[in-house]
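Shown next: target-v5.txt, given as compact mmCIF, C-alpha atoms.
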# COMPACT_ATOMS: atom_id res chain seq x y z
CA MET A 213 29.78 -130.31 100.77
CA ALA A 214 28.12 -126.92 101.39
CA ILE A 215 25.07 -128.00 99.39
CA ALA A 216 24.78 -131.24 101.36
CA ILE A 217 24.96 -129.37 104.70
CA ALA A 218 22.33 -126.87 103.53
CA ALA A 219 20.02 -129.72 102.53
CA VAL A 220 20.36 -131.34 105.94
CA LEU A 221 19.64 -128.04 107.69
CA PHE A 222 16.61 -127.41 105.45
CA GLN A 223 15.17 -130.85 106.17
CA SER A 224 15.72 -130.45 109.89
CA CYS A 225 13.63 -127.27 109.82
CA GLN A 226 10.70 -128.98 108.13
CA LYS A 227 8.24 -130.32 110.72
CA ASN A 228 4.94 -132.07 110.35
CA PRO A 229 1.89 -130.14 111.54
CA GLU A 230 1.54 -132.74 114.32
CA GLU A 231 5.06 -131.93 115.54
CA THR A 232 4.55 -128.16 115.55
CA GLY A 233 1.05 -128.23 116.94
CA ILE A 234 -0.18 -126.27 113.89
CA SER A 235 -3.26 -127.72 112.21
CA GLU A 236 -4.61 -126.98 108.77
CA ALA A 237 -7.43 -124.42 108.71
CA LYS A 238 -10.82 -125.95 107.98
CA VAL A 239 -14.39 -124.94 107.40
CA ASN A 240 -16.63 -126.68 109.92
CA PHE A 241 -20.35 -127.15 109.32
CA ILE A 242 -22.51 -127.36 112.44
CA PHE A 243 -26.14 -128.51 112.58
CA LYS A 244 -28.66 -126.31 114.38
CA PHE A 245 -32.31 -127.36 114.60
CA ASP A 246 -34.58 -124.33 115.01
CA SER A 247 -38.28 -124.70 115.73
CA SER A 248 -38.86 -120.93 115.47
CA GLN A 249 -37.25 -120.45 112.05
CA VAL A 250 -39.65 -119.59 109.23
CA ARG A 251 -41.48 -122.57 107.77
CA LEU A 252 -41.01 -122.82 103.99
CA ASN A 253 -42.56 -124.78 101.14
CA ALA A 254 -40.72 -126.47 98.27
CA ILE A 255 -40.05 -123.19 96.42
CA GLY A 256 -38.83 -121.35 99.49
CA GLN A 257 -41.97 -119.38 100.31
CA PRO A 258 -43.52 -119.16 103.80
CA ALA A 259 -45.87 -122.11 104.29
CA PRO A 260 -48.77 -121.87 106.75
CA MET A 261 -50.30 -125.14 107.89
CA PRO A 262 -52.96 -126.26 105.38
CA ALA A 263 -56.55 -126.53 106.52
CA GLY A 264 -57.29 -129.92 108.03
CA HIS A 265 -53.62 -130.54 108.83
CA ALA A 266 -51.61 -130.19 112.04
CA GLY A 267 -47.94 -130.38 112.89
CA GLN A 268 -45.36 -130.34 115.65
CA SER A 269 -41.69 -129.43 115.85
CA PRO A 270 -39.67 -132.60 116.47
CA ARG A 271 -36.95 -132.83 119.12
CA PHE A 272 -33.92 -133.93 117.14
CA ASN A 273 -31.45 -136.62 118.12
CA LEU A 274 -29.44 -137.07 114.90
CA MET A 275 -29.22 -135.92 111.31
CA SER A 276 -27.16 -137.19 108.39
CA ALA A 277 -26.08 -135.33 105.24
CA HIS A 278 -25.28 -136.97 101.93
CA TYR A 279 -23.91 -134.08 99.86
CA VAL A 280 -22.59 -130.58 100.59
CA GLU A 281 -21.88 -127.85 98.01
CA MET A 282 -21.24 -124.10 98.21
CA THR A 283 -22.07 -121.94 95.19
CA PRO A 284 -21.08 -118.39 94.23
CA SER A 285 -24.39 -117.35 92.66
CA PRO A 286 -28.05 -118.35 92.32
CA PHE A 287 -27.35 -119.32 88.70
CA THR A 288 -24.66 -121.89 89.50
CA ALA A 289 -25.77 -125.30 88.21
CA LEU A 290 -25.84 -128.25 90.57
CA GLY A 291 -22.32 -129.66 90.86
CA ALA A 292 -20.62 -126.59 89.37
CA GLY A 293 -19.83 -125.01 92.74
CA ALA A 294 -17.40 -126.17 95.42
CA VAL A 295 -18.49 -129.75 96.12
CA LEU A 296 -17.19 -130.40 99.62
CA TYR A 297 -18.61 -133.81 100.40
CA LYS A 298 -20.46 -136.75 98.93
CA ALA A 299 -21.34 -139.73 101.12
CA PRO A 300 -20.39 -143.28 100.14
CA GLU A 301 -22.84 -145.00 97.80
CA VAL A 302 -23.36 -148.70 97.02
CA THR A 303 -25.30 -150.88 94.58
CA THR A 304 -25.79 -153.73 97.05
CA GLY A 305 -29.56 -153.32 96.86
CA GLY A 306 -29.62 -153.17 93.04
CA THR A 307 -29.67 -149.48 92.10
CA LYS A 308 -27.26 -146.84 93.41
CA ALA A 309 -28.07 -145.80 96.97
CA ILE A 310 -26.63 -144.01 99.99
CA ASP A 311 -24.64 -146.42 102.16
CA PHE A 312 -26.31 -145.87 105.52
CA ALA A 313 -23.77 -147.98 107.40
CA ASN A 314 -20.99 -145.56 106.42
CA SER A 315 -22.90 -142.30 106.78
CA ARG A 316 -21.91 -139.48 109.12
CA PHE A 317 -24.29 -138.40 111.90
CA ALA A 318 -24.47 -135.34 114.14
CA GLY A 319 -26.87 -133.83 116.63
CA ASP A 320 -27.84 -130.28 117.54
CA ASN A 321 -24.84 -127.91 117.75
CA GLN A 322 -22.51 -130.66 116.55
CA VAL A 323 -20.09 -130.59 113.61
CA PHE A 324 -21.28 -132.82 110.78
CA LEU A 325 -18.51 -131.97 108.29
CA SER A 326 -14.99 -130.49 108.41
CA VAL A 327 -13.21 -129.68 105.15
CA PRO A 328 -9.66 -128.26 104.73
CA ILE A 329 -9.97 -124.78 103.25
CA LYS A 330 -7.16 -125.42 100.80
CA SER A 331 -9.10 -128.34 99.30
CA PHE A 332 -11.55 -126.10 97.42
CA ALA A 333 -11.33 -122.89 95.40
CA ALA A 334 -11.09 -119.52 97.12
CA GLY A 335 -13.90 -117.12 96.36
CA THR A 336 -17.14 -115.60 97.55
CA TYR A 337 -19.96 -118.07 98.21
CA THR A 338 -23.57 -116.97 98.61
CA TRP A 339 -25.56 -120.23 98.64
CA LEU A 340 -25.27 -123.62 100.32
CA ARG A 341 -26.75 -126.92 99.20
CA VAL A 342 -27.02 -129.77 101.68
CA SER A 343 -28.58 -133.08 100.69
CA LEU A 344 -30.11 -134.45 103.88
CA ALA A 345 -30.38 -138.21 104.18
CA TYR A 346 -31.62 -139.30 107.60
CA GLN A 347 -33.44 -137.87 110.59
CA ASN A 348 -33.92 -139.33 114.05
CA TYR A 349 -36.13 -137.36 116.42
CA ASP A 350 -38.73 -137.57 119.18
CA ILE A 351 -42.36 -136.47 118.96
CA TYR A 352 -45.44 -136.63 121.18
CA MET A 353 -48.45 -138.75 120.31
CA ASN A 354 -51.77 -139.55 121.97
CA ALA A 355 -52.93 -143.14 122.40
CA LEU A 356 -55.27 -144.89 124.81
CA GLY A 357 -55.84 -141.64 126.68
CA GLN A 358 -52.11 -141.12 127.29
CA THR A 359 -49.53 -138.70 125.89
CA LEU A 360 -46.60 -140.85 124.81
CA ASN A 361 -43.10 -140.07 123.63
CA ALA A 362 -42.25 -141.68 120.29
CA THR A 363 -39.03 -141.86 118.27
CA VAL A 364 -39.07 -141.55 114.49
CA ALA A 365 -36.35 -142.72 112.11
CA SER A 366 -36.99 -140.93 108.82
CA PHE A 367 -35.03 -141.61 105.63
CA ILE A 368 -35.27 -138.59 103.33
CA GLY A 369 -32.35 -139.22 100.96
CA TYR A 370 -33.08 -140.12 97.32
CA ASN A 371 -32.43 -143.83 97.95
CA THR A 372 -30.76 -145.56 100.92
CA TYR A 373 -29.34 -149.05 101.29
CA LEU A 374 -30.16 -150.35 104.76
CA GLY A 375 -28.68 -153.43 106.35
CA ASN A 376 -30.07 -152.75 109.80
CA TYR A 377 -30.63 -149.61 111.84
CA LYS A 378 -31.69 -148.68 115.34
CA VAL A 379 -34.73 -146.47 115.97
CA LYS A 380 -34.41 -146.03 119.74
CA ASP A 381 -34.28 -149.37 121.54
CA SER A 382 -35.38 -151.53 118.62
CA THR A 383 -33.23 -152.65 115.69
CA VAL A 384 -34.85 -153.02 112.26
CA THR A 385 -33.30 -155.35 109.67
CA VAL A 386 -33.98 -154.50 106.01
CA ASN A 387 -31.10 -155.58 103.71
CA ALA A 388 -32.59 -153.62 100.82
CA ASN A 389 -32.86 -150.18 99.25
CA LYS A 390 -35.49 -147.75 100.53
CA LEU A 391 -36.65 -144.70 98.61
CA GLN A 392 -37.15 -141.25 100.07
CA GLY A 393 -39.97 -141.26 102.60
CA TYR A 394 -39.30 -144.60 104.31
CA TRP A 395 -39.75 -144.37 108.08
CA ALA A 396 -39.90 -146.32 111.33
CA PHE A 397 -41.84 -145.37 114.44
CA GLU A 398 -41.19 -146.64 117.97
CA THR A 399 -43.02 -145.96 121.23
CA LYS A 400 -43.66 -147.63 124.57
CA TYR A 401 -46.87 -148.00 126.57
CA MET A 402 -46.92 -149.49 130.08
CA GLY A 403 -43.49 -150.97 129.52
CA ILE A 404 -44.43 -152.64 126.22
CA GLY A 405 -42.65 -151.47 123.07
CA TYR A 406 -44.44 -150.87 119.77
CA LEU A 407 -42.71 -150.57 116.41
CA SER A 408 -44.08 -149.87 112.94
CA THR A 409 -42.58 -148.97 109.56
CA GLY A 410 -43.99 -147.38 106.44
CA GLN A 411 -43.31 -145.62 103.16
CA ALA A 412 -44.53 -142.14 102.20
CA PRO A 413 -45.61 -141.69 98.57
CA PRO A 414 -43.24 -140.05 96.03
CA GLY A 415 -43.14 -136.28 96.34
CA ALA A 416 -44.54 -136.21 99.87
CA THR A 417 -41.32 -134.93 101.45
CA THR A 418 -40.92 -131.14 101.34
CA VAL A 419 -37.48 -130.03 100.09
CA PRO A 420 -37.13 -126.20 100.12
CA ASN A 421 -35.27 -124.78 97.13
CA PRO A 422 -35.65 -121.00 96.69
CA LEU A 423 -33.58 -121.35 93.48
CA PHE A 424 -36.06 -123.69 91.79
CA ALA A 425 -36.25 -121.38 88.73
CA THR A 426 -32.50 -120.90 88.17
CA SER A 427 -30.92 -123.98 89.73
CA PRO A 428 -33.33 -126.92 89.98
CA ILE A 429 -32.67 -130.09 91.96
CA PRO A 430 -33.36 -133.72 90.96
CA GLN A 431 -36.82 -135.05 91.71
CA GLY A 432 -36.81 -137.27 94.79
CA SER A 433 -33.66 -135.80 96.32
CA CYS A 434 -33.53 -133.93 99.61
CA LEU A 435 -31.13 -131.27 98.38
CA VAL A 436 -32.10 -128.32 100.58
CA THR A 437 -30.87 -124.94 99.35
CA GLY A 438 -30.25 -121.89 101.53
CA GLU A 439 -28.67 -118.45 101.14
CA PHE A 440 -25.80 -117.48 103.44
CA LEU A 441 -26.92 -114.83 105.90
CA SER A 442 -23.85 -112.88 104.72
CA PRO A 443 -21.68 -113.94 101.74
CA LEU A 444 -18.91 -116.28 102.81
CA ILE A 445 -15.53 -114.97 101.62
CA VAL A 446 -12.72 -117.53 101.48
CA THR A 447 -9.23 -116.29 100.60
CA GLY A 448 -7.40 -119.60 100.85
CA ASN A 449 -4.90 -118.03 103.24
CA GLU A 450 -6.91 -118.56 106.43
CA THR A 451 -4.90 -119.64 109.46
CA SER A 452 -7.88 -120.44 111.69
CA ASP A 453 -11.05 -122.43 111.18
CA ILE A 454 -14.26 -121.03 109.75
CA ASN A 455 -17.38 -122.24 111.54
CA ILE A 456 -20.66 -122.30 109.63
CA VAL A 457 -23.89 -122.89 111.54
CA VAL A 458 -26.37 -124.63 109.25
CA SER A 459 -29.68 -123.66 110.81
CA LEU A 460 -32.47 -126.01 109.73
CA SER A 461 -36.11 -125.12 110.20
CA VAL A 462 -37.97 -127.89 112.02
CA ASN A 463 -40.98 -125.62 112.48
CA LYS A 464 -43.86 -128.12 112.51
CA SER A 465 -41.89 -130.28 110.09
CA PHE A 466 -43.72 -133.39 111.34
CA GLU A 467 -47.11 -132.88 109.66
CA TRP A 468 -50.24 -135.00 109.62
CA ILE A 469 -53.83 -134.98 108.39
CA ASP A 470 -55.71 -134.08 111.58
CA VAL A 471 -58.83 -136.20 111.17
CA ASP A 472 -60.31 -135.41 114.58
CA GLY A 473 -59.31 -131.73 114.42
CA ASN A 474 -57.86 -131.59 117.93
CA GLY A 475 -54.32 -130.54 116.93
CA THR A 476 -52.65 -133.59 118.52
CA TYR A 477 -51.23 -136.61 116.74
CA ASP A 478 -53.69 -139.46 117.33
CA PRO A 479 -52.84 -142.34 114.97
CA ASN A 480 -55.51 -144.57 116.53
CA ASN A 481 -58.12 -141.96 115.54
CA GLY A 482 -57.02 -142.03 111.90
CA ASP A 483 -54.46 -139.20 111.88
CA THR A 484 -52.06 -139.89 108.99
CA VAL A 485 -48.52 -138.49 108.66
CA ILE A 486 -48.16 -136.66 105.35
CA ASP A 487 -44.78 -134.88 105.52
CA MET A 488 -41.48 -135.15 107.41
CA GLY A 489 -39.33 -132.77 105.35
CA ILE A 490 -37.08 -130.04 106.72
CA ARG A 491 -38.69 -126.61 106.29
CA GLY A 492 -35.79 -124.36 105.33
CA MET A 493 -32.07 -123.73 105.79
CA ILE A 494 -30.05 -120.64 106.73
CA PRO A 495 -26.24 -121.02 106.76
CA LYS A 496 -24.34 -118.37 108.71
CA LYS A 497 -20.75 -117.82 109.76
CA GLN A 498 -20.41 -118.14 113.51
Represent the structure of the file as structure tokens.
Amino acid sequence: MAIAIAAVLFQSCQKNPEETGISEAKVNFIFKFDSSQVRLNAIGQPAPMPAGHAGQSPRFNLMSAHYVEMTPSPFTALGAGAVLYKAPEVTTGGTKAIDFANSRFAGDNQVFLSVPIKSFAAGTYTWLRVSLAYQNYDIYMNALGQTLNATVASFIGYNTYLGNYKVKDSTVTVNANKLQGYWAFETKYMGIGYLSTGQAPPGATTVPNPLFATSPIPQGSCLVTGEFLSPLIVTGNETSDINIVVSLSVNKSFEWIDVDGNGTYDPNNGDTVIDMGIRGMIPKKQ
């Protein structure tokens, strides 16, 4: 009888987090797009604009990430750290590809991923890997003597299955896989909308990885690697959230061959876009 009463009392003291108002501590990753952050090349070195090229810093609307991993050292192999997220993938288009329809999107200063702290190993983490999949941003272009605003939808993941997607006002139907470097471009002139799509050649998208010598990434991925500003220490006993700002360099990340040498993007004059890759990443605890 005493045991039965004790069991009832014990159960009555157990409350769901929703009932107590206590939520599980999480680590939250927040996108920050920084046009003043150092501009890096594929091996993480500062990258001045090449002769004959020009660039501008896009104004971001949305970004999507496909994979997130924290690692304890620069020698940790890909996948051997704390893998926090991997986006849904499908084979609808033939080969394995990111499922765009079920991807997560976030804008500047918005959370793109929240992970319960108790779901991964405690420890000290010094590097972050984020595989970026999709960008949507605005740029300026010159055409017919006018400066126009244009919206770019840029797919930088290794391979993406697209049913349909919206650029700004226009919807593009694909129903197929698209490799890294596929893009769509939308603008409007005198009330008339213009839309074009294209595919950058393999290897044209810059993916900064300062650990290229000790921890390489697969060819054709957009697995950007960045060192935490200060090592992130996770004990596993946290009672409040940890917020990590993932600062992405968009410093002249929209780059073109500047045929006319005037420093503005003039596609009608033969200027050709050559790179749309993010130019570096610095994760830091807020």
Top pick for closest residue to Asn376 in chain A, considering A:Phe312, A:Gly291, A:Ala412, A:Gln347 and counting only C-alpha atoms: A:Phe312
Nearest to Val379 in chain A by atom-to-atom distance, counting only C-alpha atoms, from A:Ser326, A:Thr437, A:Asn273, A:Ser452: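 Using only C-alpha atoms, Val379 in chain A sits closest to A:Asn273.
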Could you give me, as CSV, every range 290-373 of chain A residue with an atom at most 12 Å from range 277-280 of chain A, plus its closest atom pair and distance in Å to one decimal, counting all atoms listed in the file, rows ordered by chain then number?
residue,atom,partner,partner_atom,distance
A:Leu290,CA,A:Val280,CA,10.8
A:Gly291,CA,A:Val280,CA,9.8
A:Gly293,CA,A:Val280,CA,10.0
A:Ala294,CA,A:Val280,CA,8.6
A:Val295,CA,A:Val280,CA,6.1
A:Leu296,CA,A:Val280,CA,5.5
A:Tyr297,CA,A:Val280,CA,5.1
A:Lys298,CA,A:Tyr279,CA,4.5
A:Ala299,CA,A:His278,CA,4.9
A:Pro300,CA,A:His278,CA,8.2
A:Glu301,CA,A:His278,CA,9.4
A:Ala309,CA,A:His278,CA,10.5
A:Ile310,CA,A:His278,CA,7.4
A:Asp311,CA,A:His278,CA,9.5
A:Phe312,CA,A:His278,CA,9.7
A:Asn314,CA,A:His278,CA,10.6
A:Ser315,CA,A:His278,CA,7.6
A:Arg316,CA,A:Ala277,CA,7.0
A:Phe317,CA,A:Ala277,CA,7.5
A:Ala318,CA,A:Ala277,CA,9.0
A:Gly319,CA,A:Ala277,CA,11.5
A:Val323,CA,A:Ala277,CA,11.3
A:Phe324,CA,A:Ala277,CA,7.7
A:Leu325,CA,A:Val280,CA,8.8
A:Ser326,CA,A:Val280,CA,10.9
A:Val327,CA,A:Val280,CA,10.5
A:Trp339,CA,A:Val280,CA,10.9
A:Leu340,CA,A:Val280,CA,7.5
A:Arg341,CA,A:Val280,CA,5.7
A:Val342,CA,A:Val280,CA,4.6
A:Ser343,CA,A:Tyr279,CA,4.8
A:Leu344,CA,A:Ala277,CA,4.3
A:Ala345,CA,A:Ala277,CA,5.3
A:Tyr346,CA,A:Ala277,CA,7.2
A:Gln347,CA,A:Ala277,CA,9.4
A:Phe367,CA,A:Ala277,CA,10.9
A:Ile368,CA,A:Ala277,CA,9.9
A:Gly369,CA,A:His278,CA,7.5
A:Tyr370,CA,A:His278,CA,9.6
A:Asn371,CA,A:His278,CA,10.7
A:Thr372,CA,A:His278,CA,10.2
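Using only C-alpha atoms, the shortest contact distance between Asp381 in chain A and any of A:Thr283, A:Ser331, A:Ser276, A:Thr363 is found at A:Thr363.
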Residues near Ile454 in chain A, cut-off 10 Å, all atoms listed in the file, skip fewer than 4 positions along chain, as a list in words: Ala237, Lys238, Val239, Asn240, Phe241, Ser326, Val327, Pro328, Ile329, Leu444, Val446, Glu450, Lys497 and Gln498 of chain A
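From CA of Gly403 in chain A back to CA of Ala355 in chain A, the distance works out to 14.2 Å.
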One-decimal distance in Å that lies between CA of Asn387 in chain A and CA of Thr303 in chain A: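 CA of Asn387 in chain A lies 11.8 Å from CA of Thr303 in chain A.
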Who sits within 7 Å of Lys244 in chain A, all atoms listed in the file, same chain under 3 positions skipped, as a PyMOL selection string: chain A and resi 320-321+457-460
Take the selection from the previous step and output its residues with C-alpha atoms, as an mmCIF file, in the frame of the given file.
data_model
loop_
_atom_site.group_PDB
_atom_site.id
_atom_site.type_symbol
_atom_site.label_atom_id
_atom_site.label_comp_id
_atom_site.auth_asym_id
_atom_site.auth_seq_id
_atom_site.Cartn_x
_atom_site.Cartn_y
_atom_site.Cartn_z
ATOM 1 C CA ASP A 320 -27.840 -130.280 117.540
ATOM 2 C CA ASN A 321 -24.840 -127.910 117.750
ATOM 3 C CA VAL A 457 -23.890 -122.890 111.540
ATOM 4 C CA VAL A 458 -26.370 -124.630 109.250
ATOM 5 C CA SER A 459 -29.680 -123.660 110.810
ATOM 6 C CA LEU A 460 -32.470 -126.010 109.730
#
Within 7 Å of (-33.1, -137.8, 119.3) (coordinates as in the file), grab all the protein and nucleic acid residues, counting all atoms listed in the file, and write them out as a short mmCIF file (atom, residue, chain, number, x, y, z; two decimals) with C-alpha atoms, keeping the file's coordinate frame.
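Output below, filename selection38.cif:
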data_model
loop_
_atom_site.label_atom_id
_atom_site.label_comp_id
_atom_site.auth_asym_id
_atom_site.auth_seq_id
_atom_site.Cartn_x
_atom_site.Cartn_y
_atom_site.Cartn_z
CA ARG A 271 -36.95 -132.83 119.12
CA PHE A 272 -33.92 -133.93 117.14
CA ASN A 273 -31.45 -136.62 118.12
CA LEU A 274 -29.44 -137.07 114.90
CA ASN A 348 -33.92 -139.33 114.05
CA TYR A 349 -36.13 -137.36 116.42
CA ASP A 350 -38.73 -137.57 119.18
#
Proximity to Asn389 in chain A - best of A:Ile490, A:Val302, A:Ala254, A:Val485, all atoms listed in the file: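 Using all atoms listed in the file, Asn389 in chain A sits closest to A:Val302.
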Contact residues around Pro258 in chain A with only C-alpha atoms at 10 Å, ignoring same-chain residues under 6 positions, as a PyMOL selection string: chain A and resi 250-252+491-492
Nearest residue to Tyr477 in chain A from the set A:Phe287, A:Trp395, A:Tyr373, A:Tyr352 (distances using all atoms listed in the file):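 Smallest distance to Tyr477 in chain A is found for A:Tyr352.
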Distance in Å - CA of Ile456 in chain A versus CA of Thr336 in chain A: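 These two atoms are separated by 14.3 Å.
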9 Å contact set for Gly335 in chain A, all atoms listed in the file, chain neighbours under 2 positions out, as an MDAnalysis selection string: chainID A and resid 284 333 337 444:448
Among listed residues A:Val462, A:Leu407, A:Ala362, A:Met493, nearest Pro422 in chain A (using only C-alpha atoms):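 That would be A:Met493, the residue with the smallest distance to Pro422 in chain A.
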Expected residue set, 7 Å radius at (-40.0, -133.2, 103.2), all atoms listed in the file, as a ChimeraX atom specification: /A:416-419,487-490
Those selected residues, please, written with C-alpha atoms and delivered as a PDB file, in the coordinates of the input.
ATOM      1  CA  ALA A 416     -44.540-136.210  99.870  1.00  0.00           C
ATOM      2  CA  THR A 417     -41.320-134.930 101.450  1.00  0.00           C
ATOM      3  CA  THR A 418     -40.920-131.140 101.340  1.00  0.00           C
ATOM      4  CA  VAL A 419     -37.480-130.030 100.090  1.00  0.00           C
ATOM      5  CA  ASP A 487     -44.780-134.880 105.520  1.00  0.00           C
ATOM      6  CA  MET A 488     -41.480-135.150 107.410  1.00  0.00           C
ATOM      7  CA  GLY A 489     -39.330-132.770 105.350  1.00  0.00           C
ATOM      8  CA  ILE A 490     -37.080-130.040 106.720  1.00  0.00           C
TER       9      ILE A 490
END
Long-range neighbours of Leu360 in chain A as a list in words, 8 Å cut-off, only C-alpha atoms, 4 positions minimum in chain: Tyr352, Met353, Asn354, Ala355, Thr399, Lys400 and Tyr401 of chain A
Please write C-alpha atoms of range 269-303 of chain A, from the structure given just now, as an mmCIF file, in the first residue's frame.
data_model
loop_
_atom_site.group_PDB
_atom_site.id
_atom_site.type_symbol
_atom_site.label_atom_id
_atom_site.label_comp_id
_atom_site.auth_asym_id
_atom_site.auth_seq_id
_atom_site.Cartn_x
_atom_site.Cartn_y
_atom_site.Cartn_z
ATOM 1 C CA SER A 269 27.628 42.769 -52.388
ATOM 2 C CA PRO A 270 24.112 41.348 -52.771
ATOM 3 C CA ARG A 271 21.224 42.359 -50.509
ATOM 4 C CA PHE A 272 20.019 39.054 -49.121
ATOM 5 C CA ASN A 273 16.428 37.912 -48.815
ATOM 6 C CA LEU A 274 16.835 34.216 -47.947
ATOM 7 C CA MET A 275 19.425 31.504 -47.479
ATOM 8 C CA SER A 276 19.077 27.751 -47.048
ATOM 9 C CA ALA A 277 21.516 25.303 -45.423
ATOM 10 C CA HIS A 278 21.734 21.618 -46.244
ATOM 11 C CA TYR A 279 24.164 20.308 -43.608
ATOM 12 C CA VAL A 280 25.556 21.585 -40.294
ATOM 13 C CA GLU A 281 28.456 20.071 -38.337
ATOM 14 C CA MET A 282 30.644 21.272 -35.455
ATOM 15 C CA THR A 283 34.142 19.833 -35.082
ATOM 16 C CA PRO A 284 36.630 19.843 -32.194
ATOM 17 C CA SER A 285 39.796 20.262 -34.259
ATOM 18 C CA PRO A 286 41.080 21.155 -37.740
ATOM 19 C CA PHE A 287 41.974 17.489 -38.242
ATOM 20 C CA THR A 288 38.456 16.145 -37.717
ATOM 21 C CA ALA A 289 37.320 14.346 -40.868
ATOM 22 C CA LEU A 290 34.063 15.331 -42.509
ATOM 23 C CA GLY A 291 31.210 13.617 -40.673
ATOM 24 C CA ALA A 292 33.295 12.721 -37.605
ATOM 25 C CA GLY A 293 32.215 15.770 -35.600
ATOM 26 C CA ALA A 294 28.804 16.612 -34.159
ATOM 27 C CA VAL A 295 26.481 16.410 -37.169
ATOM 28 C CA LEU A 296 23.548 18.582 -36.166
ATOM 29 C CA TYR A 297 21.464 18.651 -39.321
ATOM 30 C CA LYS A 298 21.119 17.166 -42.767
ATOM 31 C CA ALA A 299 18.321 18.339 -45.058
ATOM 32 C CA PRO A 300 15.912 15.884 -46.699
ATOM 33 C CA GLU A 301 17.158 14.344 -49.936
ATOM 34 C CA VAL A 302 15.267 12.621 -52.768
ATOM 35 C CA THR A 303 15.994 10.629 -55.918
#
